[in-house]
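Source file: data-v4.cif; contents: mmCIF, C-alpha atoms.
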```
data_input
#
loop_
_atom_site.label_atom_id
_atom_site.label_comp_id
_atom_site.auth_asym_id
_atom_site.auth_seq_id
_atom_site.Cartn_x
_atom_site.Cartn_y
_atom_site.Cartn_z
CA MET O 28 -7.61 -12.93 11.14
CA ALA O 29 -5.29 -12.17 14.03
CA PHE O 30 -1.74 -13.41 14.61
CA THR O 31 -1.22 -15.58 17.68
CA SER O 32 2.55 -15.93 17.29
CA LEU O 33 5.50 -14.98 15.11
CA ARG O 34 8.81 -16.73 14.70
CA ALA O 35 11.59 -15.13 12.68
CA VAL O 36 14.89 -16.78 11.80
CA SER O 37 17.77 -14.59 10.57
CA PHE O 38 15.31 -11.81 9.73
CA ARG O 39 16.86 -8.36 10.16
CA ASN O 40 18.17 -8.05 13.73
CA LEU O 41 15.35 -10.05 15.34
CA GLY O 42 16.31 -12.90 17.63
CA ASP O 43 15.58 -16.44 16.46
CA ALA O 44 12.72 -16.99 18.84
CA GLY O 45 8.96 -17.33 18.82
CA THR O 46 6.88 -14.47 20.20
CA ASP O 47 3.41 -14.84 21.62
CA THR O 48 1.06 -12.28 20.06
CA GLY O 49 -2.22 -13.66 21.36
CA ALA O 50 -3.90 -10.39 22.26
CA LYS O 51 -5.88 -7.76 20.42
CA ASP O 52 -3.38 -4.99 21.26
CA ILE O 53 0.38 -5.49 21.34
CA PHE O 54 2.71 -2.65 22.32
CA LEU O 55 6.38 -2.73 21.28
CA VAL O 56 8.41 -0.33 23.41
CA GLY O 57 12.05 0.52 22.80
CA GLU O 58 14.57 3.03 21.57
CA ASN O 59 15.10 3.63 17.86
CA GLY O 60 17.10 1.00 16.04
CA GLN O 61 16.31 -1.84 18.46
CA GLY O 62 13.98 -3.86 16.22
CA LYS O 63 10.44 -2.54 16.75
CA THR O 64 9.94 -1.71 13.09
CA ASN O 65 11.65 -4.96 12.06
CA PHE O 66 9.03 -6.90 14.03
CA ILE O 67 6.25 -4.96 12.27
CA GLU O 68 7.97 -5.62 8.96
CA ALA O 69 8.14 -9.36 9.66
CA LEU O 70 4.37 -9.50 10.22
CA TYR O 71 3.75 -7.58 7.00
CA PHE O 72 6.18 -9.82 5.13
CA ALA O 73 4.27 -12.89 6.26
CA SER O 74 0.99 -11.32 5.12
CA TYR O 75 2.05 -10.27 1.62
CA GLY O 76 5.40 -11.87 0.91
CA SER O 77 7.10 -8.49 0.54
CA SER O 78 8.38 -5.62 2.66
CA PHE O 79 6.51 -2.35 3.06
CA ARG O 80 9.91 -0.61 3.00
CA GLY O 81 10.33 -1.42 -0.68
CA VAL O 82 13.58 -3.34 -0.28
CA LYS O 83 14.74 -6.50 -2.00
CA ASP O 84 14.18 -9.81 -0.24
CA SER O 85 17.92 -10.38 0.00
CA GLU O 86 18.27 -7.21 2.10
CA LEU O 87 16.02 -8.64 4.82
CA ALA O 88 18.49 -11.29 5.88
CA ARG O 89 20.44 -10.62 9.06
CA THR O 90 23.97 -9.34 8.53
CA GLY O 91 26.17 -12.34 7.84
CA SER O 92 23.23 -14.49 6.67
CA ARG O 93 21.89 -15.15 3.20
CA ASP O 94 18.73 -17.06 4.07
CA PHE O 95 15.86 -16.27 6.43
CA SER O 96 12.31 -17.26 7.25
CA VAL O 97 9.21 -15.81 8.89
CA THR O 98 6.39 -17.94 10.25
CA VAL O 99 3.11 -16.77 11.77
CA LYS O 100 0.33 -18.71 13.39
CA LEU O 101 -3.20 -17.48 12.86
CA ASP O 102 -5.92 -17.59 15.50
CA ASP O 103 -5.95 -20.78 17.53
CA THR O 104 -6.11 -23.34 14.74
CA ILE O 105 -3.14 -25.69 14.99
CA ASN O 106 -2.59 -26.00 11.24
CA SER O 107 -3.45 -22.41 10.34
CA GLY O 108 -0.38 -20.40 9.51
CA ILE O 109 1.85 -18.77 6.92
CA SER O 110 5.54 -19.44 6.36
CA VAL O 111 7.78 -17.45 4.04
CA ILE O 112 11.16 -19.06 3.41
CA TYR O 113 13.93 -17.29 1.53
CA LYS O 114 16.72 -19.70 0.67
CA ASP O 115 19.31 -19.78 -2.10
CA ARG O 116 17.88 -16.52 -3.49
CA LYS O 117 14.46 -18.08 -3.93
CA LYS O 118 11.31 -17.32 -1.97
CA ASN O 119 8.65 -19.88 -1.19
CA ILE O 120 5.40 -19.14 0.61
CA PHE O 121 3.34 -21.77 2.37
CA LEU O 122 -0.22 -21.43 3.63
CA ASP O 123 -1.30 -24.20 5.99
CA GLY O 124 1.62 -26.26 4.68
CA LYS O 125 0.71 -25.87 1.00
CA ARG O 126 2.84 -23.83 -1.38
CA VAL O 127 1.27 -20.58 -2.56
CA GLU O 128 1.72 -20.09 -6.30
CA ASP O 129 0.33 -16.54 -6.52
CA ARG O 130 0.77 -13.99 -3.75
CA LYS O 131 -2.67 -12.56 -4.41
CA ASP O 132 -4.00 -15.70 -2.69
CA LEU O 133 -2.64 -14.24 0.57
CA LEU O 134 -4.65 -11.02 0.38
CA SER O 135 -7.72 -12.37 2.15
CA VAL O 136 -5.87 -14.54 4.70
CA ALA O 137 -4.34 -12.04 7.12
CA PRO O 138 -4.69 -8.58 5.58
CA CYS O 139 -2.49 -5.99 7.27
CA ILE O 140 -2.56 -2.24 6.93
CA VAL O 141 0.64 -0.55 8.01
CA PHE O 142 1.01 3.02 9.24
CA CYS O 143 4.63 4.09 8.94
CA HIS O 144 6.95 6.98 8.13
CA GLU O 145 7.36 5.71 4.57
CA ASP O 146 3.69 6.56 3.98
CA MET O 147 4.81 10.16 3.50
CA GLU O 148 5.89 9.05 0.01
CA PHE O 149 2.21 8.78 -0.90
CA VAL O 150 1.91 12.51 -0.22
CA THR O 151 5.28 13.99 -1.21
CA GLY O 152 6.71 11.27 -3.45
CA SER O 153 6.37 10.34 -7.09
CA PRO O 154 3.07 9.73 -8.94
CA GLU O 155 4.10 6.07 -9.04
CA ARG O 156 4.02 5.83 -5.25
CA ARG O 157 0.51 7.31 -5.08
CA ARG O 158 -0.69 4.92 -7.77
CA TRP O 159 0.80 2.07 -5.75
CA PHE O 160 -1.17 3.10 -2.68
CA PHE O 161 -4.49 3.41 -4.49
CA ASP O 162 -3.89 0.17 -6.41
CA GLN O 163 -3.32 -1.55 -3.06
CA THR O 164 -6.47 0.04 -1.65
CA GLN O 165 -8.53 -1.40 -4.50
CA SER O 166 -6.76 -4.76 -4.63
CA LEU O 167 -7.21 -5.66 -0.96
CA PRO O 168 -11.01 -6.05 -1.17
CA ASP O 169 -11.19 -6.78 -4.91
CA PRO O 170 -8.94 -9.55 -6.32
CA VAL O 171 -10.50 -8.95 -9.76
CA TYR O 172 -8.98 -5.47 -9.82
CA LEU O 173 -5.58 -6.98 -9.02
CA ARG O 174 -6.03 -9.50 -11.84
CA ASP O 175 -6.89 -6.69 -14.28
CA LEU O 176 -3.84 -4.75 -13.11
CA GLN O 177 -1.58 -7.78 -13.55
CA ASN O 178 -2.95 -8.43 -17.04
CA TYR O 179 -2.41 -4.80 -18.04
CA ARG O 180 1.17 -4.89 -16.77
CA LYS O 181 1.93 -8.08 -18.69
CA VAL O 182 0.75 -6.57 -21.98
CA LEU O 183 2.55 -3.30 -21.19
CA LYS O 184 5.81 -5.15 -20.49
CA THR O 185 5.57 -6.95 -23.83
CA ARG O 186 4.78 -3.70 -25.67
CA ASN O 187 7.72 -1.91 -24.06
CA SER O 188 10.04 -4.77 -24.97
CA ILE O 189 8.98 -4.50 -28.61
CA LEU O 190 9.47 -0.72 -28.62
CA LYS O 191 12.89 -1.04 -27.01
CA ASN O 192 14.05 -3.54 -29.60
CA ASP O 193 13.12 -1.18 -32.44
CA SER O 194 14.16 2.08 -30.78
CA SER O 195 17.82 1.60 -31.74
CA ARG O 196 16.85 1.57 -35.44
CA GLY O 197 15.14 4.95 -35.22
CA LYS O 198 12.12 3.87 -37.23
CA LEU O 199 9.04 1.72 -36.85
CA SER O 200 9.38 -1.50 -38.81
CA ALA O 201 6.45 -3.21 -40.50
CA GLU O 202 6.91 -6.18 -38.17
CA THR O 203 6.75 -3.96 -35.08
CA SER O 204 3.67 -2.17 -36.41
CA ALA O 205 1.94 -5.51 -36.89
CA LEU O 206 2.85 -6.62 -33.36
CA LEU O 207 1.54 -3.36 -31.89
CA ASP O 208 -1.66 -3.73 -33.92
CA ALA O 209 -2.19 -7.04 -32.14
CA LEU O 210 -1.16 -5.86 -28.67
CA ASP O 211 -2.79 -2.46 -28.43
CA PRO O 212 -6.42 -3.68 -28.30
CA GLN O 213 -5.48 -5.82 -25.29
CA LEU O 214 -3.69 -2.91 -23.62
CA VAL O 215 -6.73 -0.71 -24.19
CA GLN O 216 -9.18 -3.34 -22.95
CA TYR O 217 -7.41 -3.83 -19.64
CA GLY O 218 -6.47 -0.17 -19.36
CA LEU O 219 -10.00 1.18 -19.79
CA GLU O 220 -11.30 -1.26 -17.21
CA LEU O 221 -8.71 -0.02 -14.73
CA MET O 222 -9.64 3.58 -15.52
CA ARG O 223 -13.34 2.98 -14.94
CA LYS O 224 -12.69 1.30 -11.62
CA ARG O 225 -10.25 3.99 -10.51
CA GLN O 226 -12.67 6.77 -11.43
CA ARG O 227 -15.46 5.10 -9.50
CA GLU O 228 -13.41 4.18 -6.44
CA VAL O 229 -11.67 7.52 -5.99
CA GLN O 230 -15.09 9.06 -5.38
CA VAL O 231 -15.78 6.46 -2.70
CA PHE O 232 -12.37 7.07 -1.16
CA SER O 233 -12.80 10.84 -1.09
CA GLY O 234 -16.21 10.45 0.49
CA ILE O 235 -14.52 8.74 3.45
CA PHE O 236 -11.28 10.74 3.46
CA ARG O 237 -12.71 14.26 3.27
CA PRO O 238 -14.64 14.25 6.58
CA LEU O 239 -11.75 12.45 8.34
CA TYR O 240 -9.30 15.17 7.41
CA CYS O 241 -11.75 17.90 8.37
CA GLU O 242 -12.41 16.27 11.76
CA ILE O 243 -8.76 16.34 12.82
CA SER O 244 -7.30 19.31 10.93
CA GLY O 245 -10.29 21.62 10.76
CA LEU O 246 -9.75 22.07 7.00
CA ASP O 247 -12.77 21.18 4.91
CA ASN O 248 -13.02 19.93 1.31
CA VAL O 249 -9.60 18.24 1.20
CA ALA O 250 -10.14 15.38 -1.21
CA VAL O 251 -8.42 13.15 -3.77
CA ASP O 252 -8.78 13.62 -7.52
CA TYR O 253 -7.95 11.07 -10.20
CA LEU O 254 -6.29 12.35 -13.39
CA PRO O 255 -6.18 9.61 -16.04
CA SER O 256 -3.46 9.62 -18.68
CA TRP O 257 -5.95 8.72 -21.39
CA LYS O 258 -8.59 11.42 -21.66
CA GLU O 259 -10.54 9.42 -24.22
CA GLU O 260 -13.22 7.03 -22.95
CA THR O 261 -13.85 4.67 -25.86
CA ALA O 262 -11.62 1.88 -27.11
CA GLU O 263 -11.64 3.28 -30.66
CA ALA O 264 -10.51 6.73 -29.51
CA VAL O 265 -7.74 5.37 -27.27
CA LEU O 266 -6.47 3.07 -30.04
CA ALA O 267 -6.27 6.05 -32.35
CA VAL O 268 -4.24 7.97 -29.77
CA LEU O 269 -1.85 5.06 -29.24
CA GLU O 270 -1.31 4.72 -32.96
CA SER O 271 -0.65 8.45 -33.36
CA ARG O 272 1.95 8.32 -30.58
CA ARG O 273 3.81 5.22 -31.75
CA VAL O 274 6.75 7.16 -33.15
CA ASN O 275 7.19 9.07 -29.90
CA ASP O 276 6.92 5.82 -27.94
CA LEU O 277 9.51 4.31 -30.26
CA PHE O 278 12.06 7.06 -29.61
CA SER O 279 11.37 6.86 -25.85
CA GLY O 280 11.61 3.08 -25.88
CA ILE O 281 8.55 2.82 -23.61
CA THR O 282 4.81 3.39 -23.71
CA MET O 283 4.29 7.01 -22.66
CA SER O 284 0.53 6.93 -21.99
CA GLY O 285 -1.89 4.67 -20.17
CA PRO O 286 -2.98 3.82 -16.62
CA HIS O 287 0.67 3.32 -15.64
CA ARG O 288 0.99 7.10 -16.08
CA ASP O 289 -2.21 8.07 -14.22
CA ARG O 290 -1.99 10.61 -11.41
CA TYR O 291 -3.76 11.17 -8.12
CA ILE O 292 -3.65 14.60 -6.51
CA PHE O 293 -4.86 16.01 -3.20
CA THR O 294 -7.11 19.01 -3.64
CA ARG O 295 -8.73 21.52 -1.40
CA LYS O 296 -11.68 22.69 -3.41
CA THR O 297 -13.40 25.99 -2.82
CA GLY O 298 -16.80 27.22 -3.92
CA SER O 299 -20.41 26.62 -3.09
CA LYS O 300 -21.32 24.27 -0.28
CA ASP O 301 -23.20 21.95 -2.62
CA PHE O 302 -19.95 21.39 -4.60
CA LYS O 303 -21.43 22.62 -7.89
CA GLU O 304 -18.80 25.25 -8.61
CA PHE O 305 -15.14 24.85 -7.88
CA THR O 306 -11.89 26.42 -8.91
CA GLU O 307 -9.47 24.37 -11.01
CA PRO O 308 -7.88 21.59 -8.91
CA ALA O 309 -4.41 22.27 -7.55
CA ASP O 310 -2.24 19.88 -5.59
CA PHE O 311 -2.90 20.71 -1.94
CA SER O 312 0.09 18.67 -0.77
CA ALA O 313 2.48 20.98 -2.66
CA ARG O 314 1.62 23.91 -0.38
CA ALA O 315 0.61 22.04 2.77
CA SER O 316 2.71 22.27 5.91
CA THR O 317 4.76 19.31 7.14
CA GLY O 318 2.13 18.60 9.80
CA GLN O 319 -0.68 18.71 7.25
CA ARG O 320 1.21 16.33 4.97
CA ARG O 321 1.85 13.89 7.81
CA LEU O 322 -1.84 13.96 8.63
CA LEU O 323 -2.69 13.29 5.00
CA ALA O 324 -0.51 10.17 5.11
CA LEU O 325 -2.03 8.89 8.34
CA LEU O 326 -5.61 9.41 7.22
CA LEU O 327 -4.96 7.72 3.88
CA ARG O 328 -4.38 4.54 5.86
CA ILE O 329 -7.47 5.01 8.03
CA ALA O 330 -9.58 5.49 4.90
CA GLN O 331 -7.95 2.43 3.35
CA ALA O 332 -8.83 0.29 6.39
CA ARG O 333 -12.41 1.57 6.44
CA ILE O 334 -12.92 0.83 2.75
CA PHE O 335 -11.53 -2.67 3.20
CA SER O 336 -13.96 -3.36 6.06
CA GLU O 337 -16.96 -1.86 4.28
CA LYS O 338 -16.37 -3.90 1.13
CA THR O 339 -15.43 -7.22 2.74
CA GLY O 340 -17.17 -7.17 6.11
CA LYS O 341 -13.79 -8.11 7.63
CA LYS O 342 -11.43 -6.25 9.94
CA ALA O 343 -7.76 -5.81 9.11
CA VAL O 344 -4.72 -6.14 11.35
CA LEU O 345 -3.26 -2.68 11.94
CA LEU O 346 0.49 -2.17 12.18
CA LEU O 347 1.24 1.30 13.59
CA ASP O 348 4.89 2.25 13.64
CA ASP O 349 5.50 5.42 15.69
CA VAL O 350 2.41 7.06 14.18
CA LEU O 351 1.45 8.91 17.34
CA LEU O 352 4.90 10.36 17.88
CA GLU O 353 4.50 13.27 15.46
CA LEU O 354 1.01 14.31 16.55
CA ASP O 355 0.31 16.78 19.32
CA GLY O 356 -1.88 15.75 22.24
CA GLU O 357 -5.17 16.96 20.78
CA LYS O 358 -4.60 15.41 17.38
CA ARG O 359 -3.59 12.13 19.05
CA LYS O 360 -6.94 11.96 20.81
CA LYS O 361 -8.83 12.68 17.59
CA PHE O 362 -6.74 10.17 15.63
CA ILE O 363 -7.38 7.38 18.14
CA ALA O 364 -11.10 8.21 18.17
CA LEU O 365 -11.24 7.89 14.37
CA MET O 366 -9.26 4.67 14.12
CA PRO O 367 -11.13 1.94 12.25
CA GLU O 368 -12.23 -1.24 13.97
CA TYR O 369 -9.53 -3.89 13.73
CA ASP O 370 -8.92 -7.56 14.45
CA GLN O 371 -5.59 -6.80 16.07
CA GLY O 372 -3.28 -3.83 16.49
CA PHE O 373 0.50 -3.63 16.87
CA PHE O 374 1.81 -0.28 18.14
CA THR O 375 5.42 0.86 18.54
CA PHE O 376 6.46 3.44 21.15
CA LEU O 377 9.58 5.09 22.43
CA PRO O 378 10.13 4.49 26.18
CA GLU O 379 9.38 8.12 27.06
CA GLU O 380 6.01 8.09 25.33
CA PRO O 381 2.88 7.75 27.52
CA TYR O 382 2.00 4.33 26.14
CA ASN O 383 0.37 3.30 29.42
CA PHE O 384 -2.29 5.91 28.72
CA TYR O 385 -3.43 3.92 25.67
CA ARG O 386 -3.18 0.37 27.01
CA LYS O 387 -6.14 -1.78 27.99
CA ASN O 388 -6.39 -4.49 30.61
CA ASP O 389 -5.45 -7.24 28.17
CA THR O 390 -2.79 -5.35 26.21
CA MET O 391 0.50 -7.22 25.79
CA VAL O 392 3.57 -5.03 26.25
CA TYR O 393 6.99 -6.05 24.98
CA PHE O 394 10.24 -4.19 25.58
CA VAL O 395 12.53 -4.45 22.55
CA ASN O 396 16.30 -4.29 22.86
CA SER O 397 18.80 -5.43 20.21
CA GLY O 398 16.13 -7.50 18.47
CA ILE O 399 15.09 -9.34 21.63
CA LEU O 400 11.52 -9.00 22.89
CA LYS O 401 10.80 -9.34 26.59
CA GLN O 402 7.26 -9.23 27.88
CA GLU O 403 6.47 -6.84 30.69
#
```
Do you think you could lay out the structure here as structure tokens?
Amino acid sequence: MAFTSLRAVSFRNLGDAGTDTGAKDIFLVGENGQGKTNFIEALYFASYGSSFRGVKDSELARTGSRDFSVTVKLDDTINSGISVIYKDRKKNIFLDGKRVEDRKDLLSVAPCIVFCHEDMEFVTGSPERRRWFFDQTQSLPDPVYLRDLQNYRKVLKTRNSILKNDSSRGKLSAETSALLDALDPQLVQYGLELMRKRQREVQVFSGIFRPLYCEISGLDNVAVDYLPSWKEETAEAVLAVLESRRVNDLFSGITMSGPHRDRYIFTRKTGSKDFKEFTEPADFSARASTGQRRLLALLLRIAQARIFSEKTGKKAVLLLDDVLLELDGEKRKKFIALMPEYDQGFFTFLPEEPYNFYRKNDTMVYFVNSGILKQE
């Protein structure tokens, strides 16, 4: 579902004004630091109730302000829209005038996929950041996966709290053992379900990602591998492992194994063409060049958008923040040719970039200066 307008009040440096976005392609042109990315961030914030930059809500308010709001109108329906209001350190989200109790209810309303510099964290950052990306990829088309993930995290949080309370004593009390006996089967139930889904979906993801990367870079067999923390596959075996590691978990004060410790790695496999024999997987991103890593990050998002469309039959809104800037001319052409179909696309450009080369007859172009958008 496309955005037809956005109004931000005291959000970052954006002016308190409504902006018409009633076109399939919207170009935001301006120098760095003028508000292009802030506009993209406001759209994303309306879609998910959080920032893709990973900052606290309070940091989104304009300097000198404590409260802010973002409101978007969807399509041409008068009452169709999302409002996110942050006031007195509390955030409330409204969909068509009704308060949203769980942010997962927003996932299917106006799904956005953002391409930005921070995506490099999925390639060069911590295992946690990669897990976040692949969890988002699975959650967008599958709310059940998100529910399983939320349930796992709730049980994990409780388990960690119990461990932390006992860690200062240096030994596992009978009471704590009894509590863990009750909690661990739940942790294993939700955890194994997440593992099964991750194992299945990473194969689907690699099947889309591998040819994309080869098409632009010329390197074949670059894929994604999933390395689960629990090697065991049955509930009984995992429970036995958890029990054997309780003392170590106690001294650490946290649960040291489980899906929250899973890893994803990029591999470039070598061997026979039918993929029957391969060398041991090694992390391709660790030895890839800066350009190859940037391409990995960009194509992760393209694969994410394609998976979303294939599973839901819907098209996402694409938010592309300076993604073409770091690609040479030939790779730009290939990237644009491989872009997924989308409901709407927002693109940011520096003034010296050849943005007119990419515009269509109905493209809306805004020049951004000090948070103010002026249409061409």
What is the distance, in Å and to one decimal place, between CA of Glu259 (chain O) and CA of Glu155 (chain O)?
21.4 Å
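Across the model, the gap from CA of Lys360 (chain O) to CA of Leu377 (chain O) is 18.0 Å.
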Selection dump of the PyMOL selection byres ((chain O and resi 185-188) around 8), as a PDB file with C-alpha atoms, in the frame of the given file:
```pdb
ATOM      1  CA  LYS O 181       1.930  -8.080 -18.690  1.00  0.00           C
ATOM      2  CA  VAL O 182       0.750  -6.570 -21.980  1.00  0.00           C
ATOM      3  CA  LEU O 183       2.550  -3.300 -21.190  1.00  0.00           C
ATOM      4  CA  LYS O 184       5.810  -5.150 -20.490  1.00  0.00           C
ATOM      5  CA  ILE O 189       8.980  -4.500 -28.610  1.00  0.00           C
ATOM      6  CA  LEU O 190       9.470  -0.720 -28.620  1.00  0.00           C
ATOM      7  CA  LYS O 191      12.890  -1.040 -27.010  1.00  0.00           C
ATOM      8  CA  ASN O 192      14.050  -3.540 -29.600  1.00  0.00           C
ATOM      9  CA  LEU O 207       1.540  -3.360 -31.890  1.00  0.00           C
ATOM     10  CA  LEU O 210      -1.160  -5.860 -28.670  1.00  0.00           C
ATOM     11  CA  GLY O 280      11.610   3.080 -25.880  1.00  0.00           C
ATOM     12  CA  ILE O 281       8.550   2.820 -23.610  1.00  0.00           C
ATOM     13  CA  THR O 282       4.810   3.390 -23.710  1.00  0.00           C
TER      14      THR O 282
END
```
When you look at Gly218 (chain O) with a cut-off of 9 Å (counting only C-alpha atoms), what residues show up, excluding the ones that are within fewer than 2 positions of it in the same chain? I need them as number ranges by chain.
O: 175-176, 179, 213-216, 220-223, 285-287
Kindly resolve the PyMOL selection byres ((chain O and resi 160) around 10) on the present coordinates and return the residues as a VMD selection string.
chain O and resid 146 148 to 149 155 to 159 161 to 166 327 to 328 331
Evaluate the PyMOL selection byres ((chain O and resi 235-241) around 12) and report residues as JSON, numbers by chain:
{"O": [228, 229, 230, 231, 232, 233, 234, 242, 243, 244, 245, 246, 247, 248, 249, 250, 251, 252, 293, 294, 295, 296, 319, 320, 321, 322, 323, 324, 325, 326, 327, 328, 329, 330, 331, 332, 333, 334, 335, 337, 358, 361, 362, 363, 364, 365, 366, 367]}
Near Tyr369 (chain O), counting only C-alpha atoms, which residues have an atom at most 9 Å away, once you skip same-chain residues fewer than 3 positions from it, shown as a list of chain:residue names?
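These residues fall inside the cut-off: O:Lys51, O:Ala332, O:Ser336, O:Lys341, O:Lys342, O:Ala343, O:Val344, O:Leu345, O:Met366, O:Gly372.
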So which residues touch region 54-64 of chain O within 9 Å, counting all atoms listed in the file, skipping near sequence neighbours fewer than 6 positions away, as a list in words?
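My reading of the contact set: Arg39, Asn40, Leu41, Cys143, Asp348, Asp349, Gly372, Phe373, Phe374, Thr375, Phe376, Leu377, Pro378, Glu380, Tyr382, Arg386, Thr390, Met391, Val392, Tyr393, Phe394, Val395, Asn396, Ser397, Gly398, Ile399 and Leu400 of chain O.
Using all atoms listed in the file, the smallest distance between any of O:Ser74, O:Ser96, O:Thr339, O:Ser153 and Val136 (chain O) comes from O:Ser74.
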Let me make sure I understand: among O:Thr90, O:Ser37, O:Pro154, O:Arg80, which one has the smallest atom-to-atom distance to Ile112 (chain O) if we use only C-alpha atoms?
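Of O:Thr90, O:Ser37, O:Pro154, O:Arg80, the one nearest Ile112 (chain O), counting only C-alpha atoms, is O:Ser37.
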The residues within 8 Å of (6.2, -18.1, 5.8), using only C-alpha atoms and the coordinates of the file, should be reported as a list in words; which are they?
Ala73, Gly76, Ser96, Val97, Thr98, Val99, Gly108, Ile109, Ser110, Val111, Ile112, Asn119, Ile120, Phe121 and Leu122 of chain O
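Between CA of Tyr113 (chain O) and CA of Phe142 (chain O) lies a distance of 25.3 Å.
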Can you list, as a PyMOL selection string, every protein, DNA or RNA residue that comes within 12 Å of Ser78 (chain O) when you count all atoms listed in the file, leaving out same-chain residues fewer than 5 positions away?
chain O and resi 38-39+64-73+83-87+97+111+139+141+145
Neighbour residues at most 9 Å from (3.2, 12.1, 24.7) (all atoms listed in the file) as a list in words:
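In the file's frame, the residues around the point are Leu351, Leu352, Leu354, Asp355, Gly356, Arg359, Glu379, Glu380, Pro381 and Tyr382 of chain O.
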Could you name the residues that touch Thr48 (chain O) at 9 Å or less, counting all atoms listed in the file, but leaving out those on the same chain fewer than 4 positions away, as a list in words?
Ala29, Phe30, Thr31, Ser32, Leu33, Asp52, Ile53 and Met391 of chain O
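Using only C-alpha atoms for every distance, the candidate list O:Tyr291, O:Val265, O:Arg273, O:Leu167 yields O:Arg273 as the residue closest to Leu206 (chain O).
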Please determine, counting only C-alpha atoms, which residue among O:Gly340, O:Gly91, O:Gly152, O:Gly45 has the shortest atom-to-atom distance to Arg290 (chain O).
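Ranked by minimum distance to Arg290 (chain O), first place goes to O:Gly152.
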